[in-house]
Amino acid sequence: MTRQREITLTVNGQRYSGTTDVRQSLVDFLRETCDLTGTHVGCEHGVCGACTVLMNGEGVRSCLLLAVQADGAELLTVEGLAENGELHPLQAAFWEHHGLQCGYCTPGMLISALDLLRDDPAPSEEAIREAISSNLCICTGYVNIVRAVQSAAAAMRATAEEST
Amino acid sequence: MTATADWQDVQARWTGTALKRKEDPRLLTGKGRFLDDVKLAGMLHAAFVRSPYAHARVLSVDTSAALALPGVRGVITGQEARERSGSLRPLIPVPSDPPNYCLANDKVPYVGEPLAMVAAADRATAEDAAALVAVEYEALPVVVDVERAAEADAPLLYEEAGSNVLWHDVFEYGEVATAFADADEVVAERYTIHRYASTPLECFGVIADWDAGQEVLTIHTNDQRPGLTIGVIAEALHLSETQIRLITPDIGGGFGNKRRPAYIVATALLAMECGRPVKYFEDRRENLTALMQACDGVMYLEAAIKRDGTVLALSVRDYADEGTNLISPCQHSLLKLGNMVNTYRIPAMRYEPYSVLTNKCPSGANRGIGKPFMCFAVERLMDRIAGHLDLDPAELRFRNLIQPDQFPYETPGGALYDSGDFPGTLRKALDLLDYAALREEQARARAEGRYLGIGISTAVDPASSNLAAYVLVTGKATSTGVGETAMVRMEPDGKVRVTFGDVCSGQGYETAAAQVVADELGLHPNDVHVHAWFDSFTTPWMYSSGNYANKFATTDVGAIVGAAQKVRDKIITIAAHLLEAAPDDLELRDGRVGVRGHPAQSRTLREIAQVAYRNLLALPSGFEPGLEATHFYSNPMAQLPDENNRVRGQLIFTNAAHIALVEVDVETAQVKVLRYGVVHDCGKEINPLIVEGQVHGATVHGIGAALLEEFVYDDNGQILTTTFMDYLKPTASDVPTIETDHLETPSPYTTLGTKGVGEGGAIPAPGCIANAVEDALRPLGVRISGLPLSPNRLWPLIREGLARGN
């Protein structure tokens with residue numbers, strides 16, 4: 001009854017090949033086969049956003065995608081945000097502004113925020129709230145997450161200006 | 001907004017500093033380790049077979065097809081579980097005390113009750129197999145309404161108990177009859193609260209691993225109350241507590257919901273059966289259907305009032321719908337008893353609680369347990385009285401609030417409010433949002449045909465639960481008081497390790513405990529490592545150990561400071577000996593111990609630690625080597641109930657005032673929260689950054705409960721809200737920025753003057769929002785007496801108002 005497929009995908013710049021059951025979700029493949037447990041499962045029905053990753057540059061719910069659908073794709077997960085041991089500006093801002101408490105939603109929240117800032121480097125508070133309404137955070141009441149995204153956006157703009 | 005501090009910037013005492021959290025880097029980089037991240041060699045995955053009926057007799061359970069499925073390694077049924085394990089001991093044993101096995105046997109009392117469990121090589125196969133377990137049911141009559149369930153002829157959940165009413169009593173404190181006789185008027189209301197839950201984003205789970213050689217059961221779980229759970233599962237499995245090793249990893253939120261000993265016992269039985277570790281991790285549907293929900297309820301209140309608005313007495317009949325809660329029933333009522341008068345100096349009270357079983361999900365702890373309903377009812381009543389007497393709602397509150405010179409203030413039910421400035425808190429909240437300006441804005445909006453409303457509420461936020469309150473139900477003083485225990489150890493390199501029996505689920509204990517210990521030992525918080533994980537084989541614990549009731553700042557800190565001071569005393573003794581100085585002249589500072597004012601006469605803590613662990617002959621004669629201490633702290637405020645049934649059910653009291661500006665769209669019945677202000681007073685703050693985060697989060701829990709969240713049951717006991725598409729949590733677009741300010745009135749009764757802060761916002765917010773919505777709809781004559789104020793609930797009220805031609 002079950003069918004197995006070989007798939008290869010690139011996560012955070014590293015290639016992973018493995019066997020997947022055709023009904024296995026992408027998040028389970030990431031967590032179990034790639035051993036990347038930073039991406040969390042919160043609802044398994046596409047509402048909470050904890051499992052959000054970037055696939056070919058777009059934010060997706062990895063609980064609603066099958067692993068086979070990601071065959072050949074480029075993915076970014078929370079483990080790929082920091083570079084050379086240095087926190088990504090979003091991570092640094094979440095730390096600075098207490099934008100996390102239990103930390104369970106945080107990986108998906110960071111990825112959704114990154115998805116926003118790539119499209120809109122200077123979002124208004126309303127735009128931030130609208131963008132991250134794809135992700136539930138049960139602990140923070142969102143206040144400090146919004147502040148963190150605003151602060152990270154400013155830091156990222158400053159860096160972008162310096163490098164031009 | 002609180003400015004954060006980097007560690008190197010701070011010279012003063014660490015306690016009170018807004019330090020960035022030590023745990024954050026790992027959580028931000030995907031390196032946290034939660035239950036679902038734990039993998040044991042050979043681990044199987046389990047799934048429950050759950051009842052589709054709200055009330056049914058189980059006629060037969062056939063597991064043969066499930067067992068025949070490739071990949072399946074074992075199945076356990078309710079019948080087998082009853083043969084191999086005992087009934088689960090409740091936290092609060094009610095007099096009728098129906099048996100409660102880890103899996104249902106002959107009867108299922110709610111939709112989602114597990115009655116068998118399957119283990120397989122992977123979770124998908126386990127779920128396939130669970131679907132193959134054939135169960136024959138005979139449906140029974142269902143009761144989902146709490147007042148109906150309390151009637152003598154209602155369908156019975158447990159025939160052996162003879163009634164669905166687990167507890168009913170009448171408490172009368174002070175001169176209630178006289179107060180009602182003296183009253184100018186009596187205001188009577190009936191209020192209801194709905195079922196909701198905090199729903200931490202990480203579901204509940206367990207991994208059970210039976211080591212048949214050592215005969216030790218290792219349990220990884222995100223259970224919030226390990227101290228209580230260890231004994232319950234040991235008893236049920238007929239094991240000694242020495243054979244239970246309970247480990248909690250990083251926990252993705254708790255809020256009271258994360259506890260279900262039955263799941264742990266069932267998973268352990270299956271692990272023993274299969275000879276392999278077994279993991280069970282709820283999915284969200286199971287979590288919303290069957291884990292834990294706050295009691296819904298009905299409250300009848302009568303207030304005896306004078307014409308000037310003074311409230312002389314309250315009479316309350318309180319029905320708590322426990323669902324099928326057999327492990328901690330009566331909590332929602334017991335935890336209201338002491339603070340039913342909220343922030344007001346109401347001298348007399350009659351309180352009549354009913355704890356009633358219905359065919360719904362077990363009720364249980366949820367941020368604030370019972371107090372959100374207490375506060376909703378009292379604050380609605382205050383607005384009603386204000387409206388009746390044509391007084392401003394703020395003015396009516398000022399006339400009734402407990403005054404700063406009245407502390408410590410004993411409430412009619414026996415709670416001792418420790419300290420605070422309740423009028424000052426309310427005044428500051430009114431200033432925070434400029435109450436007068438809001439009223440002007442409202443008047444302008446009304447002139448434009450818009451419906452703006454202002455809501456106010458005040459609240460106490462009690463902390464640390466005294467188990468002796470349960471004596472009112474059980475009649476037996478076998479579990480009393482509340483305590484916590486901590487171990488502090490300075491390692492030979494001079495750095496410090498701390499572990500204690502509470503389990504963090506997002507409150508930043510690794511940081512806050514490090515700040516407290518750093519102050520005691522003259523160290524940098526970076527040099528204090530607080531265990532992220534609880535491990536009952538290495539962490540000291542006691543019955544009340546765990547994460548609940550705002551316990552950290554009001555009880556745990558006593559244990560942590562106590563253990564640190566024991567280590568400090570040893571350091572001073574050793575240093576005095578080595579430096580040939582008087583102990584009283586020594587101080588610990590910046591990683592050194594030395595003579596105050598004589599920096600040359602000092603040693604590093606590392607040097608002292610080296611002596612303590614390896615240069616034993618340099619120690620004072622007969623001195624116990626090592627720098628490790630455990631301290632058990634019993635909260636000194638706890639007492640047994642007195643002869644009049646007055647009891648300090650909770651021990652330390654934060655207070656808050658909330659103020660909201662909302663707009664109601666009468667075409668869509670949508671409520672928009674335009675502004676929301678919170679002023680709170682939790683005494684001395686250990687870390688203002690963490691405190692502010694708790695206030696934001698708890699407040700949004702309360703707003704969500706007031707406007708969006710509701711577990712809906714139909715008349716057959718079917719739950720209709722089993723996904724986050726039906727059970728609506730607030731998103732970032734549903735809530736405004738929570739504006740905050742604070743007072744700091746230290747508690748005279750805690751080690752550092754601290755009070756609890758975790759639950760605070762969730763208590764006043766539902767009442768505040770309800771008051772604001774009613775205020776908005778005043779032109780239509782709409783009265784709010786229940787929650788949530790979701791469009792489907794508000795719409796008919798608005799239509800009626802419009803039809804009345806208001």
# chains A, B, ... in the order shown; residues from 1 in each chain; ligands from 1
>>> closest_atom_pairs(of="chain B", to="chain A", cutoff="8 Å", atoms="only C-alpha atoms", output="JSON lines")
{"residue": "B:Thr4", "atom": "CA", "partner": "A:Glu96", "partner_atom": "CA", "distance": 6.6}
{"residue": "B:Lys20", "atom": "CA", "partner": "A:Glu96", "partner_atom": "CA", "distance": 6.3}
{"residue": "B:Arg21", "atom": "CA", "partner": "A:Trp95", "partner_atom": "CA", "distance": 7.3}
{"residue": "B:Asp24", "atom": "CA", "partner": "A:Trp95", "partner_atom": "CA", "distance": 6.2}
{"residue": "B:Pro25", "atom": "CA", "partner": "A:Trp95", "partner_atom": "CA", "distance": 7.4}
{"residue": "B:Leu27", "atom": "CA", "partner": "A:Gly103", "partner_atom": "CA", "distance": 5.4}
{"residue": "B:Leu28", "atom": "CA", "partner": "A:Gln91", "partner_atom": "CA", "distance": 6.0}
{"residue": "B:Thr29", "atom": "CA", "partner": "A:Glu79", "partner_atom": "CA", "distance": 5.6}
{"residue": "B:Gly30", "atom": "CA", "partner": "A:Gly38", "partner_atom": "CA", "distance": 3.7}
{"residue": "B:Lys31", "atom": "CA", "partner": "A:Gly38", "partner_atom": "CA", "distance": 6.2}
{"residue": "B:Gly32", "atom": "CA", "partner": "A:Gly38", "partner_atom": "CA", "distance": 7.2}
{"residue": "B:Asp37", "atom": "CA", "partner": "A:Thr37", "partner_atom": "CA", "distance": 6.0}
{"residue": "B:Ser198", "atom": "CA", "partner": "A:Ile138", "partner_atom": "CA", "distance": 7.6}
{"residue": "B:Thr199", "atom": "CA", "partner": "A:Ile138", "partner_atom": "CA", "distance": 7.5}
{"residue": "B:Pro200", "atom": "CA", "partner": "A:Ile138", "partner_atom": "CA", "distance": 6.2}
{"residue": "B:Leu201", "atom": "CA", "partner": "A:Gly42", "partner_atom": "CA", "distance": 5.5}
{"residue": "B:Glu202", "atom": "CA", "partner": "A:Gly42", "partner_atom": "CA", "distance": 5.7}
{"residue": "B:Cys203", "atom": "CA", "partner": "A:Gly42", "partner_atom": "CA", "distance": 7.1}
{"residue": "B:Ile251", "atom": "CA", "partner": "A:Cys102", "partner_atom": "CA", "distance": 6.7}
{"residue": "B:Gly252", "atom": "CA", "partner": "A:Cys102", "partner_atom": "CA", "distance": 5.0}
{"residue": "B:Gly253", "atom": "CA", "partner": "A:Cys102", "partner_atom": "CA", "distance": 5.5}
{"residue": "B:Asp283", "atom": "CA", "partner": "A:Cys43", "partner_atom": "CA", "distance": 6.8}
{"residue": "B:Arg284", "atom": "CA", "partner": "A:Cys43", "partner_atom": "CA", "distance": 4.9}
{"residue": "B:Arg285", "atom": "CA", "partner": "A:Cys43", "partner_atom": "CA", "distance": 7.8}
{"residue": "B:Ser505", "atom": "CA", "partner": "A:Cys102", "partner_atom": "CA", "distance": 5.7}
{"residue": "B:Gly506", "atom": "CA", "partner": "A:Cys102", "partner_atom": "CA", "distance": 3.5}
{"residue": "B:Gln507", "atom": "CA", "partner": "A:Gln101", "partner_atom": "CA", "distance": 6.2}
{"residue": "B:Gly508", "atom": "CA", "partner": "A:Gln101", "partner_atom": "CA", "distance": 7.1}
{"residue": "B:Leu689", "atom": "CA", "partner": "A:His98", "partner_atom": "CA", "distance": 7.0}
{"residue": "B:Ile690", "atom": "CA", "partner": "A:His98", "partner_atom": "CA", "distance": 7.5}
{"residue": "B:Gly693", "atom": "CA", "partner": "A:Thr140", "partner_atom": "CA", "distance": 5.9}
{"residue": "B:Gln694", "atom": "CA", "partner": "A:Thr140", "partner_atom": "CA", "distance": 7.1}
{"residue": "B:His696", "atom": "CA", "partner": "A:Gly141", "partner_atom": "CA", "distance": 5.3}
{"residue": "B:Gly697", "atom": "CA", "partner": "A:Gly141", "partner_atom": "CA", "distance": 4.2}
{"residue": "B:Ala698", "atom": "CA", "partner": "A:Gly141", "partner_atom": "CA", "distance": 7.5}
{"residue": "B:Thr699", "atom": "CA", "partner": "A:Gly141", "partner_atom": "CA", "distance": 7.4}
{"residue": "B:Val700", "atom": "CA", "partner": "A:Gly141", "partner_atom": "CA", "distance": 5.2}
{"residue": "B:His701", "atom": "CA", "partner": "A:Gly141", "partner_atom": "CA", "distance": 7.7}
{"residue": "B:Thr723", "atom": "CA", "partner": "A:His45", "partner_atom": "CA", "distance": 7.6}
{"residue": "B:Phe724", "atom": "CA", "partner": "A:Val47", "partner_atom": "CA", "distance": 6.2}
{"residue": "B:Met725", "atom": "CA", "partner": "A:Val47", "partner_atom": "CA", "distance": 6.8}
{"residue": "B:Lys729", "atom": "CA", "partner": "A:Leu136", "partner_atom": "CA", "distance": 7.5}
{"residue": "B:Pro730", "atom": "CA", "partner": "A:Leu136", "partner_atom": "CA", "distance": 7.6}
{"residue": "B:Thr731", "atom": "CA", "partner": "A:Ser133", "partner_atom": "CA", "distance": 5.0}
{"residue": "B:Ala732", "atom": "CA", "partner": "A:Arg129", "partner_atom": "CA", "distance": 5.0}
{"residue": "B:Ser733", "atom": "CA", "partner": "A:Arg129", "partner_atom": "CA", "distance": 5.2}
{"residue": "B:Val735", "atom": "CA", "partner": "A:Gly141", "partner_atom": "CA", "distance": 7.9}
{"residue": "B:Thr737", "atom": "CA", "partner": "A:Val143", "partner_atom": "CA", "distance": 5.5}
{"residue": "B:Ile738", "atom": "CA", "partner": "A:Val143", "partner_atom": "CA", "distance": 6.7}
>>> write_last_selection(atoms="N, CA and C atoms", output="tab-separated table (two decimals), in the first residue's frame")
chain	number	residue	atom	x	y	z
B	4	THR	N	16.70	46.98	27.12
B	4	THR	CA	17.40	45.78	27.55
B	4	THR	C	18.85	46.10	27.88
B	20	LYS	N	18.87	40.48	28.82
B	20	LYS	CA	18.47	39.61	27.72
B	20	LYS	C	18.57	38.16	28.20
B	21	ARG	N	17.67	37.33	27.69
B	21	ARG	CA	17.59	35.98	28.27
B	21	ARG	C	18.72	35.06	27.80
B	24	ASP	N	17.82	32.31	25.08
B	24	ASP	CA	17.34	32.68	23.75
B	24	ASP	C	18.22	32.23	22.58
B	25	PRO	N	19.55	32.33	22.68
B	25	PRO	CA	20.33	31.95	21.49
B	25	PRO	C	20.01	30.54	20.99
B	27	LEU	N	17.20	28.88	21.41
B	27	LEU	CA	15.84	28.81	20.89
B	27	LEU	C	15.71	29.54	19.55
B	28	LEU	N	16.56	30.54	19.35
B	28	LEU	CA	16.51	31.33	18.11
B	28	LEU	C	17.19	30.64	16.94
B	29	THR	N	18.03	29.67	17.23
B	29	THR	CA	18.80	29.04	16.16
B	29	THR	C	18.35	27.61	15.87
B	30	GLY	N	17.20	27.24	16.45
B	30	GLY	CA	16.69	25.89	16.19
B	30	GLY	C	17.38	24.83	17.01
B	31	LYS	N	18.09	25.26	18.07
B	31	LYS	CA	18.83	24.28	18.87
B	31	LYS	C	18.13	23.96	20.19
B	32	GLY	N	16.94	24.49	20.39
B	32	GLY	CA	16.18	24.04	21.55
B	32	GLY	C	15.91	22.55	21.40
B	37	ASP	N	11.73	16.40	19.79
B	37	ASP	CA	13.09	16.30	19.24
B	37	ASP	C	13.89	15.16	19.88
B	198	SER	N	-5.70	27.81	26.99
B	198	SER	CA	-4.56	28.59	26.51
B	198	SER	C	-3.88	27.95	25.31
B	199	THR	N	-4.01	26.65	25.17
B	199	THR	CA	-3.47	25.90	24.03
B	199	THR	C	-2.02	26.24	23.70
B	200	PRO	N	-1.08	25.86	24.56
B	200	PRO	CA	0.33	26.06	24.20
B	200	PRO	C	0.61	25.52	22.81
B	201	LEU	N	1.55	26.15	22.12
B	201	LEU	CA	1.76	25.78	20.71
B	201	LEU	C	2.35	24.39	20.56
B	202	GLU	N	3.08	23.96	21.58
B	202	GLU	CA	3.57	22.57	21.57
B	202	GLU	C	2.52	21.71	22.27
B	203	CYS	N	2.15	20.61	21.65
B	203	CYS	CA	1.16	19.71	22.27
B	203	CYS	C	1.82	18.90	23.40
B	251	ILE	N	10.16	23.11	27.16
B	251	ILE	CA	8.71	22.96	27.07
B	251	ILE	C	8.13	24.15	26.31
B	252	GLY	N	7.35	23.83	25.29
B	252	GLY	CA	6.81	24.86	24.40
B	252	GLY	C	5.50	25.45	24.89
B	253	GLY	N	5.55	26.05	26.07
B	253	GLY	CA	4.36	26.67	26.65
B	253	GLY	C	3.59	25.68	27.50
B	283	ASP	N	-1.62	15.08	18.54
B	283	ASP	CA	-1.77	16.04	17.46
B	283	ASP	C	-2.75	17.12	17.93
B	284	ARG	N	-2.87	18.18	17.15
B	284	ARG	CA	-3.63	19.33	17.62
B	284	ARG	C	-5.11	19.00	17.82
B	285	ARG	N	-5.63	18.12	16.96
B	285	ARG	CA	-7.04	17.78	17.10
B	285	ARG	C	-7.27	17.06	18.44
B	505	SER	N	8.50	26.75	31.15
B	505	SER	CA	7.81	26.57	29.86
B	505	SER	C	7.76	27.90	29.11
B	506	GLY	N	8.83	28.70	29.28
B	506	GLY	CA	8.91	29.94	28.52
B	506	GLY	C	9.10	31.19	29.36
B	507	GLN	N	9.16	31.02	30.69
B	507	GLN	CA	9.20	32.19	31.57
B	507	GLN	C	10.61	32.69	31.85
B	508	GLY	N	11.61	32.09	31.24
B	508	GLY	CA	12.97	32.61	31.38
B	508	GLY	C	13.65	32.28	32.70
B	689	LEU	N	12.18	42.90	31.80
B	689	LEU	CA	11.93	42.50	30.41
B	689	LEU	C	10.99	41.29	30.38
B	690	ILE	N	11.30	40.31	31.23
B	690	ILE	CA	10.48	39.10	31.30
B	690	ILE	C	9.10	39.43	31.86
B	693	GLY	N	6.94	40.96	29.22
B	693	GLY	CA	6.52	39.93	28.27
B	693	GLY	C	5.38	39.08	28.81
B	694	GLN	N	5.45	38.76	30.10
B	694	GLN	CA	4.37	37.98	30.72
B	694	GLN	C	3.06	38.77	30.70
B	696	HIS	N	2.15	41.18	28.59
B	696	HIS	CA	1.61	41.21	27.22
B	696	HIS	C	0.90	39.90	26.90
B	697	GLY	N	1.60	38.82	27.13
B	697	GLY	CA	1.09	37.51	26.71
B	697	GLY	C	-0.19	37.14	27.44
B	698	ALA	N	-0.19	37.34	28.76
B	698	ALA	CA	-1.37	36.97	29.54
B	698	ALA	C	-2.55	37.83	29.15
B	699	THR	N	-2.31	39.10	28.89
B	699	THR	CA	-3.40	40.00	28.51
B	699	THR	C	-4.03	39.54	27.19
B	700	VAL	N	-3.19	39.15	26.26
B	700	VAL	CA	-3.73	38.69	24.98
B	700	VAL	C	-4.48	37.36	25.15
B	701	HIS	N	-4.06	36.54	26.10
B	701	HIS	CA	-4.87	35.35	26.41
B	701	HIS	C	-6.28	35.77	26.82
B	723	THR	N	-9.99	22.25	15.40
B	723	THR	CA	-8.79	22.71	14.70
B	723	THR	C	-8.63	24.20	15.00
B	724	PHE	N	-7.47	24.73	14.67
B	724	PHE	CA	-7.25	26.18	14.84
B	724	PHE	C	-7.99	26.98	13.75
B	725	MET	N	-8.71	26.27	12.87
B	725	MET	CA	-9.58	26.99	11.94
B	725	MET	C	-10.94	27.25	12.58
B	729	LYS	N	-7.55	31.43	17.71
B	729	LYS	CA	-6.60	32.12	18.58
B	729	LYS	C	-6.35	33.52	18.02
B	730	PRO	N	-6.04	34.48	18.89
B	730	PRO	CA	-5.73	35.80	18.36
B	730	PRO	C	-4.44	35.79	17.55
B	731	THR	N	-4.48	36.44	16.40
B	731	THR	CA	-3.27	36.65	15.61
B	731	THR	C	-2.80	38.08	15.83
B	732	ALA	N	-1.67	38.40	15.24
B	732	ALA	CA	-1.10	39.75	15.42
B	732	ALA	C	-2.04	40.83	14.90
B	733	SER	N	-2.89	40.50	13.93
B	733	SER	CA	-3.81	41.54	13.42
B	733	SER	C	-5.06	41.69	14.26
B	735	VAL	N	-5.09	41.99	17.62
B	735	VAL	CA	-4.86	42.67	18.90
B	735	VAL	C	-3.97	43.89	18.69
B	737	THR	N	-1.13	46.84	20.17
B	737	THR	CA	0.01	46.88	21.09
B	737	THR	C	-0.53	47.07	22.50
B	738	ILE	N	-0.09	46.25	23.41
B	738	ILE	CA	-0.53	46.38	24.79
B	738	ILE	C	0.34	47.47	25.44
>>> residues_around(residues="A:Arg157", least_positions_apart="3", cutoff="8 Å", atoms="only C-alpha atoms", output="PDB file with N, CA and C atoms, in the first residue's frame")
ATOM      1  N   PRO A 121      11.274  45.917   2.694  1.00  0.00           N
ATOM      2  CA  PRO A 121      12.339  46.159   3.674  1.00  0.00           C
ATOM      3  C   PRO A 121      11.957  47.188   4.736  1.00  0.00           C
ATOM      4  N   ALA A 122      10.902  47.961   4.490  1.00  0.00           N
ATOM      5  CA  ALA A 122      10.512  48.987   5.470  1.00  0.00           C
ATOM      6  C   ALA A 122       9.014  48.895   5.758  1.00  0.00           C
ATOM      7  N   ALA A 153      14.353  45.199  10.685  1.00  0.00           N
ATOM      8  CA  ALA A 153      14.209  45.823   9.366  1.00  0.00           C
ATOM      9  C   ALA A 153      15.134  47.033   9.264  1.00  0.00           C
ATOM     10  N   ALA A 154      15.154  47.834  10.331  1.00  0.00           N
ATOM     11  CA  ALA A 154      16.021  49.020  10.335  1.00  0.00           C
ATOM     12  C   ALA A 154      17.489  48.603  10.236  1.00  0.00           C
ATOM     13  N   ALA A 160      22.308  47.227   4.308  1.00  0.00           N
ATOM     14  CA  ALA A 160      22.178  47.273   2.848  1.00  0.00           C
ATOM     15  C   ALA A 160      22.722  48.597   2.306  1.00  0.00           C
ATOM     16  N   GLU A 161      22.456  49.685   3.037  1.00  0.00           N
ATOM     17  CA  GLU A 161      22.961  50.987   2.596  1.00  0.00           C
ATOM     18  C   GLU A 161      24.484  51.039   2.642  1.00  0.00           C
TER      19      GLU A 161
END
>>> select_by_dssp(residues="stretch 167-199 of chain B", states="strand (DSSP E)", output="list of chain:residue names")
B:Trp167, B:His168, B:Phe171, B:Glu172, B:Tyr173, B:Glu185, B:Val186, B:Val187, B:Ala188, B:Glu189, B:Arg190, B:Tyr191, B:Thr192, B:Ile193
>>> atom_distance(atom1="atom CA of B:Glu23", atom2="atom CA of B:Val498")
14.2 Å
>>> residues_around(residues="A:Val68", least_positions_apart="3", cutoff="9 Å", atoms="only C-alpha atoms", output="PyMOL selection string")
chain A and resi 5-7+20-26+65+71
>>> residues_around(residues="B:Val695", least_positions_apart="4", cutoff="7 Å", atoms="only C-alpha atoms", output="list in words")
Val691, Thr699, Gly760 and Gly761 of chain B
>>> write_last_selection(atoms="N, CA and C atoms", output="PDB file, in the first residue's frame")
ATOM      1  N   VAL B 691       9.063  40.299  32.868  1.00  0.00           N
ATOM      2  CA  VAL B 691       7.784  40.687  33.472  1.00  0.00           C
ATOM      3  C   VAL B 691       6.869  41.299  32.414  1.00  0.00           C
ATOM      4  N   THR B 699      -2.307  39.103  28.887  1.00  0.00           N
ATOM      5  CA  THR B 699      -3.403  40.000  28.505  1.00  0.00           C
ATOM      6  C   THR B 699      -4.029  39.544  27.193  1.00  0.00           C
ATOM      7  N   GLY B 760      -1.443  37.237  35.508  1.00  0.00           N
ATOM      8  CA  GLY B 760      -2.112  38.505  35.743  1.00  0.00           C
ATOM      9  C   GLY B 760      -3.019  38.998  34.645  1.00  0.00           C
ATOM     10  N   GLY B 761      -2.454  39.198  33.452  1.00  0.00           N
ATOM     11  CA  GLY B 761      -3.237  39.811  32.385  1.00  0.00           C
ATOM     12  C   GLY B 761      -4.471  39.024  31.996  1.00  0.00           C
TER      13      GLY B 761
END
>>> closest_residue(among="A:Ala70, A:Glu83, A:Leu30, A:Ile111", to="A:Val53", atoms="only C-alpha atoms")
A:Ile111
>>> residues_around(residues="B:Pro155", least_positions_apart="2", cutoff="9 Å", atoms="only C-alpha atoms", output="list of chain:residue names")
B:Leu140, B:Pro141, B:Val142, B:Val143, B:Ala149, B:Ala152, B:Asp153, B:Leu157, B:Glu159, B:Ser163, B:Asn164
